[in-house]
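Inspection log for the structure reproduced underneath, given as C-alpha cells.
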Amino acid sequence: MTKVARMYHERGIRQADIATSLNISQAKVSRLLKRAETVGIIRTTVTVAPGVHAELEERLEQRFGIAEAVVVDVDPDADEHETIGALGAGAAAYLEATLSGNDRIGVSSWSQTLLAMTEHMRPFTTGGATEVVQLLGGVGSPEVQSHSHRLLGDLARILGADPVYVQAPGVVASSAIRDSLLGDPSMQEVARHWRDLTMAVMGIGSIEPSDILAVSGNAFATSDRERLIADGAVGDICHRIFRADGTAITGAVDDRIIAIPVEDLRRIPRRIGIAGGKRKREAIRGAVSGGWVNALVTDLQTAEELAGPAEAN
C-alpha cells in the first residue's frame, strides 16, 4: 500500500503504469489506494490560501441556512468606495466561476456594487447567460438614468445575453399609477420574464439611499422613510422593504413599487445578494434571515459580525 501510494501521489505515476510496473491489475491498484486512505497511510490536507475564509463562509452558511457565502478580504480601514470596489471584484470572480451559460438572470437596477462587479468582469468567449432582466424600474432622472441602463447593457454584452429593460420608474406617486403601468403590454412581457428567471444578482439596500439612488428620482421620500423606519424597516431588495428579522413590510409604500413581486423573487432558484460595509450590516442580516437571498457576497468584517464567534473545539 505504501509503495503504491508513493508512486501515485508523490511521483505522479498513472494507475495503469503502476499496475504494469508491479505486475498487478489496475483494479488492485485502485483497491490498494482506497485501503491506504482507510488505514491512514494516505491523509488529505487542505491548505487554505491567504485571503480565503472557507471556515467563516461555512459558519455563515450554517447559521442562516444559505447555500453559499463568499467572503471578500477588505481592508478594515477601507472607505465605502473602496469596499464597493473590492466587493465588485469578488462578485465578478464568483459569477464568472459559477454561471452555467443557460441562466436567465435578473439584476437590480440602481446598485453601485453591481456596477463595480460589471466593471471587473471580462467578456465570455461562450455565452454566460441567455438573458439579463431588470428587476426594478430603471427609468429615472436624465443625469443618472445611464447608470441603470449601463449596468444592464454592459452585463448583457459581457455575458452574450439579451437585455430586457423595465421602461418605468421604480417608484410612482400612487397605486393607481402603478396598476396602470403594470397593465401595459410591455410590462406584462417583462413580468413573464420575471417568472422564468433562474438567478437573481442583487444589491442589498439600507433605508438611507445611496448617492446614485438619491438623485435618480427612485428613492423613497423622507416622509415614506420615516414611516417605514417606525415600522421596523432596516433595508430593501429591489425596493421591497423588510425588517431586521427579514419579514416584509407591505402597505401604502409597497403598493407604489414597480419591481418583481416578492412571490416571484422567492421562486428564483439562485438569489445572490452582494453588499457590505458597516452601514448595511443590519440590512444584510435581514436579507439572509428572511430568505430574500440564498447566496451572499460580503466583506470580512460584516461576515464575522453576522456569523458570530466560532465554537470552541
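Convention: chains lettered A, B, ... in C-alpha cells order; per-chain residue numbering from 1; ligands numbered from 1 as shown.
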
Report as a list in words all protein, DNA and RNA residues lying within 12 Å of Lys34 in chain A, evaluated on only C-alpha atoms, omitting residues in the same chain fewer than 3 positions from it.
Met1, Thr2, Val4, Ala5, Tyr8, Ala27, Lys28, Val29, Ser30, Arg31, Glu37, Thr38, Val39, Gly40, Ile41, Ile42 and Arg43 of chain A

Within range 148-190 of chain A, find each residue whose DSSP state, derived from the backbone, is strand (DSSP E or B), and express the selection as a list of chain:residue names.
A:Asp162, A:Pro163, A:Val164, A:Val171

Selected residues written out with N, CA and C atoms, as a short mmCIF file (atom, residue, chain, number, x, y, z; two decimals), in the first residue's frame:
data_model
loop_
_atom_site.label_atom_id
_atom_site.label_comp_id
_atom_site.auth_asym_id
_atom_site.auth_seq_id
_atom_site.Cartn_x
_atom_site.Cartn_y
_atom_site.Cartn_z
N ASP A 162 -29.31 38.55 -24.03
CA ASP A 162 -30.27 39.56 -24.46
C ASP A 162 -30.69 40.41 -23.26
N PRO A 163 -30.65 41.76 -23.38
CA PRO A 163 -31.09 42.60 -22.26
C PRO A 163 -32.61 42.82 -22.31
N VAL A 164 -33.23 42.85 -21.14
CA VAL A 164 -34.67 43.15 -21.03
C VAL A 164 -34.81 44.29 -20.02
N VAL A 171 -40.42 53.82 -8.45
CA VAL A 171 -41.43 54.28 -7.51
C VAL A 171 -42.31 55.30 -8.22
#

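Minimum atom-to-atom distance to Gly286 in chain A, evaluated using only C-alpha atoms, belongs to A:Ser206 out of A:Thr20, A:Ser206, A:Thr118, A:Ser148.
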
CA of Ala275 in chain A sits from CA of Ala173 in chain A at a separation of 28.5 Å

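The nearest approach to Leu114 in chain A among the residues A:Leu99, A:Ala200, A:Ala19, A:Ala283, with only C-alpha atoms taken into account, belongs to A:Ala200.
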
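With only C-alpha atoms taken into account, the protein and nucleic acid residues at most 10 Å from Gly137 in chain A (excluding it and anything under 3 positions from it in its own chain) are Ser108, Ser109, Trp110, Gln134, Gly140, Ser148, Tyr165, Val166, Gln167, Ala168, Pro169, Gly170, Val171, Val172, Asn218, Cys238, His239, Ile257, Ile258, Ala259 and Ile260 of chain A.
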
Print the selection's residues with all heavy atoms to a file, as a short mmCIF file (atom, residue, chain, number, x, y, z; two decimals), in the first residue's frame.
data_model
loop_
_atom_site.label_atom_id
_atom_site.label_comp_id
_atom_site.auth_asym_id
_atom_site.auth_seq_id
_atom_site.Cartn_x
_atom_site.Cartn_y
_atom_site.Cartn_z
N SER A 108 -30.83 43.85 -10.09
CA SER A 108 -31.39 45.07 -9.53
C SER A 108 -30.79 46.28 -10.24
O SER A 108 -29.63 46.26 -10.66
CB SER A 108 -31.16 45.13 -8.02
OG SER A 108 -29.80 44.97 -7.69
N SER A 109 -31.55 47.35 -10.34
CA SER A 109 -31.22 48.41 -11.30
C SER A 109 -30.26 49.48 -10.80
O SER A 109 -29.54 50.06 -11.60
CB SER A 109 -32.52 49.10 -11.76
OG SER A 109 -33.41 48.17 -12.33
N TRP A 110 -30.27 49.80 -9.52
CA TRP A 110 -29.58 51.01 -9.08
C TRP A 110 -28.43 50.72 -8.12
O TRP A 110 -28.07 51.54 -7.28
CB TRP A 110 -30.58 51.97 -8.41
CG TRP A 110 -31.67 52.39 -9.34
CD1 TRP A 110 -32.92 51.87 -9.41
CD2 TRP A 110 -31.59 53.39 -10.36
NE1 TRP A 110 -33.64 52.49 -10.41
CE2 TRP A 110 -32.85 53.43 -11.00
CE3 TRP A 110 -30.59 54.26 -10.78
CZ2 TRP A 110 -33.12 54.30 -12.05
CZ3 TRP A 110 -30.86 55.13 -11.83
CH2 TRP A 110 -32.11 55.14 -12.45
N GLN A 134 -33.95 43.45 -15.97
CA GLN A 134 -34.06 44.36 -14.84
C GLN A 134 -35.17 43.88 -13.90
O GLN A 134 -36.23 43.45 -14.35
CB GLN A 134 -34.37 45.78 -15.31
CG GLN A 134 -33.17 46.53 -15.82
CD GLN A 134 -33.49 47.97 -16.23
OE1 GLN A 134 -34.59 48.25 -16.68
NE2 GLN A 134 -32.53 48.86 -16.09
N GLY A 140 -35.27 56.93 -14.67
CA GLY A 140 -35.06 57.92 -13.61
C GLY A 140 -34.66 59.25 -14.20
O GLY A 140 -34.86 59.52 -15.39
N SER A 148 -28.37 52.98 -14.59
CA SER A 148 -29.23 51.80 -14.64
C SER A 148 -29.10 51.08 -15.97
O SER A 148 -28.95 49.86 -16.02
CB SER A 148 -30.69 52.22 -14.40
OG SER A 148 -31.56 51.14 -14.59
N TYR A 165 -35.24 45.46 -20.50
CA TYR A 165 -35.33 46.65 -19.66
C TYR A 165 -36.75 46.82 -19.11
O TYR A 165 -37.72 46.42 -19.74
CB TYR A 165 -34.95 47.90 -20.45
CG TYR A 165 -33.51 47.93 -20.91
CD1 TYR A 165 -33.14 47.41 -22.15
CD2 TYR A 165 -32.53 48.48 -20.10
CE1 TYR A 165 -31.81 47.43 -22.57
CE2 TYR A 165 -31.19 48.51 -20.51
CZ TYR A 165 -30.85 47.99 -21.74
OH TYR A 165 -29.54 48.01 -22.15
N VAL A 166 -36.84 47.45 -17.94
CA VAL A 166 -38.13 47.86 -17.39
C VAL A 166 -38.29 49.34 -17.68
O VAL A 166 -37.64 50.18 -17.04
CB VAL A 166 -38.20 47.59 -15.87
CG1 VAL A 166 -39.53 48.10 -15.31
CG2 VAL A 166 -38.05 46.10 -15.57
N GLN A 167 -39.13 49.65 -18.65
CA GLN A 167 -39.29 51.03 -19.10
C GLN A 167 -40.32 51.75 -18.24
O GLN A 167 -41.39 52.16 -18.69
CB GLN A 167 -39.69 51.06 -20.57
CG GLN A 167 -38.68 50.42 -21.51
CD GLN A 167 -37.38 51.21 -21.59
OE1 GLN A 167 -37.24 52.30 -21.02
NE2 GLN A 167 -36.40 50.68 -22.32
N ALA A 168 -39.98 51.89 -16.95
CA ALA A 168 -40.86 52.55 -15.98
C ALA A 168 -40.02 52.94 -14.79
O ALA A 168 -38.94 52.39 -14.57
CB ALA A 168 -42.00 51.60 -15.56
N PRO A 169 -40.48 53.91 -13.99
CA PRO A 169 -39.75 54.24 -12.76
C PRO A 169 -39.86 53.10 -11.75
O PRO A 169 -40.72 52.22 -11.87
CB PRO A 169 -40.48 55.50 -12.25
CG PRO A 169 -41.37 55.94 -13.36
CD PRO A 169 -41.67 54.74 -14.19
N GLY A 170 -39.00 53.15 -10.73
CA GLY A 170 -39.09 52.17 -9.65
C GLY A 170 -40.16 52.51 -8.63
O GLY A 170 -40.74 51.62 -8.01
N VAL A 171 -40.42 53.82 -8.45
CA VAL A 171 -41.43 54.28 -7.51
C VAL A 171 -42.31 55.30 -8.22
O VAL A 171 -41.80 56.18 -8.91
CB VAL A 171 -40.77 54.96 -6.28
CG1 VAL A 171 -41.84 55.35 -5.25
CG2 VAL A 171 -39.75 54.05 -5.63
N VAL A 172 -43.62 55.16 -8.05
CA VAL A 172 -44.56 56.10 -8.66
C VAL A 172 -45.40 56.75 -7.57
O VAL A 172 -45.32 56.39 -6.39
CB VAL A 172 -45.45 55.42 -9.72
CG1 VAL A 172 -44.61 54.98 -10.90
CG2 VAL A 172 -46.21 54.24 -9.13
N ASN A 218 -35.85 57.71 -7.85
CA ASN A 218 -36.43 56.43 -7.47
C ASN A 218 -36.25 56.10 -5.99
O ASN A 218 -36.53 54.98 -5.57
CB ASN A 218 -35.82 55.31 -8.31
CG ASN A 218 -36.34 55.32 -9.74
OD1 ASN A 218 -37.42 54.86 -10.02
ND2 ASN A 218 -35.55 55.90 -10.64
N CYS A 238 -34.55 45.40 -4.26
CA CYS A 238 -35.43 45.82 -5.36
C CYS A 238 -36.62 46.61 -4.83
O CYS A 238 -37.76 46.45 -5.31
CB CYS A 238 -35.90 44.61 -6.17
SG CYS A 238 -34.59 43.72 -6.98
N HIS A 239 -36.37 47.45 -3.82
CA HIS A 239 -37.38 48.32 -3.21
C HIS A 239 -38.43 47.54 -2.41
O HIS A 239 -39.41 48.15 -1.97
CB HIS A 239 -38.06 49.20 -4.25
CG HIS A 239 -37.33 50.49 -4.52
ND1 HIS A 239 -36.02 50.69 -4.16
CD2 HIS A 239 -37.73 51.65 -5.12
CE1 HIS A 239 -35.64 51.91 -4.53
NE2 HIS A 239 -36.66 52.51 -5.10
N ILE A 257 -44.62 50.46 -5.83
CA ILE A 257 -43.34 49.98 -6.37
C ILE A 257 -43.58 49.23 -7.68
O ILE A 257 -44.49 48.41 -7.79
CB ILE A 257 -42.66 49.03 -5.36
CG1 ILE A 257 -42.43 49.75 -4.03
CG2 ILE A 257 -41.34 48.50 -5.92
CD1 ILE A 257 -41.64 51.02 -4.14
N ILE A 258 -42.72 49.51 -8.66
CA ILE A 258 -42.72 48.73 -9.90
C ILE A 258 -41.45 47.89 -9.89
O ILE A 258 -40.35 48.37 -10.19
CB ILE A 258 -42.79 49.64 -11.14
CG1 ILE A 258 -44.13 50.40 -11.13
CG2 ILE A 258 -42.65 48.81 -12.42
CD1 ILE A 258 -44.30 51.35 -12.29
N ALA A 259 -41.62 46.65 -9.49
CA ALA A 259 -40.49 45.73 -9.35
C ALA A 259 -41.04 44.32 -9.34
O ALA A 259 -42.26 44.10 -9.24
CB ALA A 259 -39.72 46.01 -8.07
N ILE A 260 -40.15 43.35 -9.41
CA ILE A 260 -40.57 41.96 -9.37
C ILE A 260 -41.36 41.69 -8.08
O ILE A 260 -40.95 42.08 -6.99
CB ILE A 260 -39.34 41.02 -9.47
CG1 ILE A 260 -39.78 39.55 -9.52
CG2 ILE A 260 -38.35 41.28 -8.35
CD1 ILE A 260 -38.65 38.59 -9.83
#

Glu304 in chain A: which residues within 12 Å, counting only C-alpha atoms, same-chain residues fewer than 5 positions away excluded, as JSON, numbers by chain?
{"A": [53, 55, 56, 57, 58, 59, 60, 63, 69, 71, 72, 73, 76, 276, 277, 278, 281, 285, 298, 299, 309, 310]}

CA of Gln62 in chain A to CA of Gly290 in chain A: how many Å, to one decimal?
14.5 Å

Got a sec: who's within 9 Å of range 223-228 of chain A, counting only C-alpha atoms, leaving out chain neighbours fewer than 4 positions off, as a PyMOL selection string?
chain A and resi 207-208+232-234+241+249+253

Near range 84-93 of chain A, within 6 Å and counting only C-alpha atoms, which residues show up once chain neighbours fewer than 4 positions away are dropped, as a PyMOL selection string?
chain A and resi 113+116-117+120-121

List the neighbours of range 272-274 of chain A out to 7 Å using only C-alpha atoms; skip same-chain residues closer than 6 positions along the sequence, and give me the result as a PDB file with N, CA, C and O atoms, in the first residue's frame.
ATOM      1  N   ALA A 200     -30.942  35.532  -9.663  1.00  0.00           N
ATOM      2  CA  ALA A 200     -31.030  36.974  -9.440  1.00  0.00           C
ATOM      3  C   ALA A 200     -29.727  37.438  -8.805  1.00  0.00           C
ATOM      4  O   ALA A 200     -29.187  36.771  -7.914  1.00  0.00           O
ATOM      5  N   VAL A 201     -29.215  38.565  -9.277  1.00  0.00           N
ATOM      6  CA  VAL A 201     -27.998  39.167  -8.723  1.00  0.00           C
ATOM      7  C   VAL A 201     -28.393  40.565  -8.249  1.00  0.00           C
ATOM      8  O   VAL A 201     -28.746  41.424  -9.063  1.00  0.00           O
ATOM      9  N   MET A 202     -28.338  40.782  -6.930  1.00  0.00           N
ATOM     10  CA  MET A 202     -28.987  41.968  -6.379  1.00  0.00           C
ATOM     11  C   MET A 202     -28.131  42.664  -5.330  1.00  0.00           C
ATOM     12  O   MET A 202     -27.446  42.002  -4.540  1.00  0.00           O
ATOM     13  N   GLY A 203     -28.178  43.975  -5.328  1.00  0.00           N
ATOM     14  CA  GLY A 203     -27.647  44.722  -4.213  1.00  0.00           C
ATOM     15  C   GLY A 203     -28.624  44.661  -3.049  1.00  0.00           C
ATOM     16  O   GLY A 203     -29.811  44.378  -3.234  1.00  0.00           O
ATOM     17  N   ILE A 204     -28.116  44.909  -1.854  1.00  0.00           N
ATOM     18  CA  ILE A 204     -28.960  44.971  -0.659  1.00  0.00           C
ATOM     19  C   ILE A 204     -28.879  46.398  -0.150  1.00  0.00           C
ATOM     20  O   ILE A 204     -27.792  46.882   0.187  1.00  0.00           O
ATOM     21  N   VAL A 293     -32.273  36.349   0.028  1.00  0.00           N
ATOM     22  CA  VAL A 293     -31.157  35.827  -0.768  1.00  0.00           C
ATOM     23  C   VAL A 293     -30.776  34.460  -0.206  1.00  0.00           C
ATOM     24  O   VAL A 293     -30.961  34.184   0.988  1.00  0.00           O
ATOM     25  N   ASN A 294     -30.267  33.582  -1.062  1.00  0.00           N
ATOM     26  CA  ASN A 294     -29.747  32.294  -0.574  1.00  0.00           C
ATOM     27  C   ASN A 294     -28.269  32.110  -0.915  1.00  0.00           C
ATOM     28  O   ASN A 294     -27.725  31.021  -0.779  1.00  0.00           O
ATOM     29  N   ALA A 295     -27.644  33.195  -1.361  1.00  0.00           N
ATOM     30  CA  ALA A 295     -26.188  33.253  -1.519  1.00  0.00           C
ATOM     31  C   ALA A 295     -25.785  34.689  -1.220  1.00  0.00           C
ATOM     32  O   ALA A 295     -26.523  35.625  -1.543  1.00  0.00           O
ATOM     33  N   LEU A 296     -24.626  34.845  -0.581  1.00  0.00           N
ATOM     34  CA  LEU A 296     -24.210  36.175  -0.141  1.00  0.00           C
ATOM     35  C   LEU A 296     -22.743  36.412  -0.440  1.00  0.00           C
ATOM     36  O   LEU A 296     -21.900  35.558  -0.151  1.00  0.00           O
ATOM     37  N   VAL A 297     -22.445  37.567  -1.032  1.00  0.00           N
ATOM     38  CA  VAL A 297     -21.066  38.041  -1.201  1.00  0.00           C
ATOM     39  C   VAL A 297     -20.924  39.274  -0.321  1.00  0.00           C
ATOM     40  O   VAL A 297     -21.632  40.273  -0.515  1.00  0.00           O
ATOM     41  N   THR A 298     -20.028  39.207   0.673  1.00  0.00           N
ATOM     42  CA  THR A 298     -19.888  40.328   1.605  1.00  0.00           C
ATOM     43  C   THR A 298     -18.438  40.450   2.064  1.00  0.00           C
ATOM     44  O   THR A 298     -17.586  39.626   1.705  1.00  0.00           O
TER      45      THR A 298
END

Of A:Leu306, A:Ile66, A:Ala219, A:Ala248, the one nearest to Asp231 in chain A when counting only C-alpha atoms is A:Ala248

Which of range 43-236 of chain A end up as helix (DSSP H, G or I) when DSSP is run on this backbone - answer as a PyMOL selection string?
chain A and resi 54-64+80-98+112-120+145-159+175-182+185-195+211-214+222-230

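Among the candidate residues A:Arg256, A:Arg14, A:Lys280, A:Lys3, the one lying nearest to Ala176 in chain A is A:Arg256, with distances computed using only C-alpha atoms.
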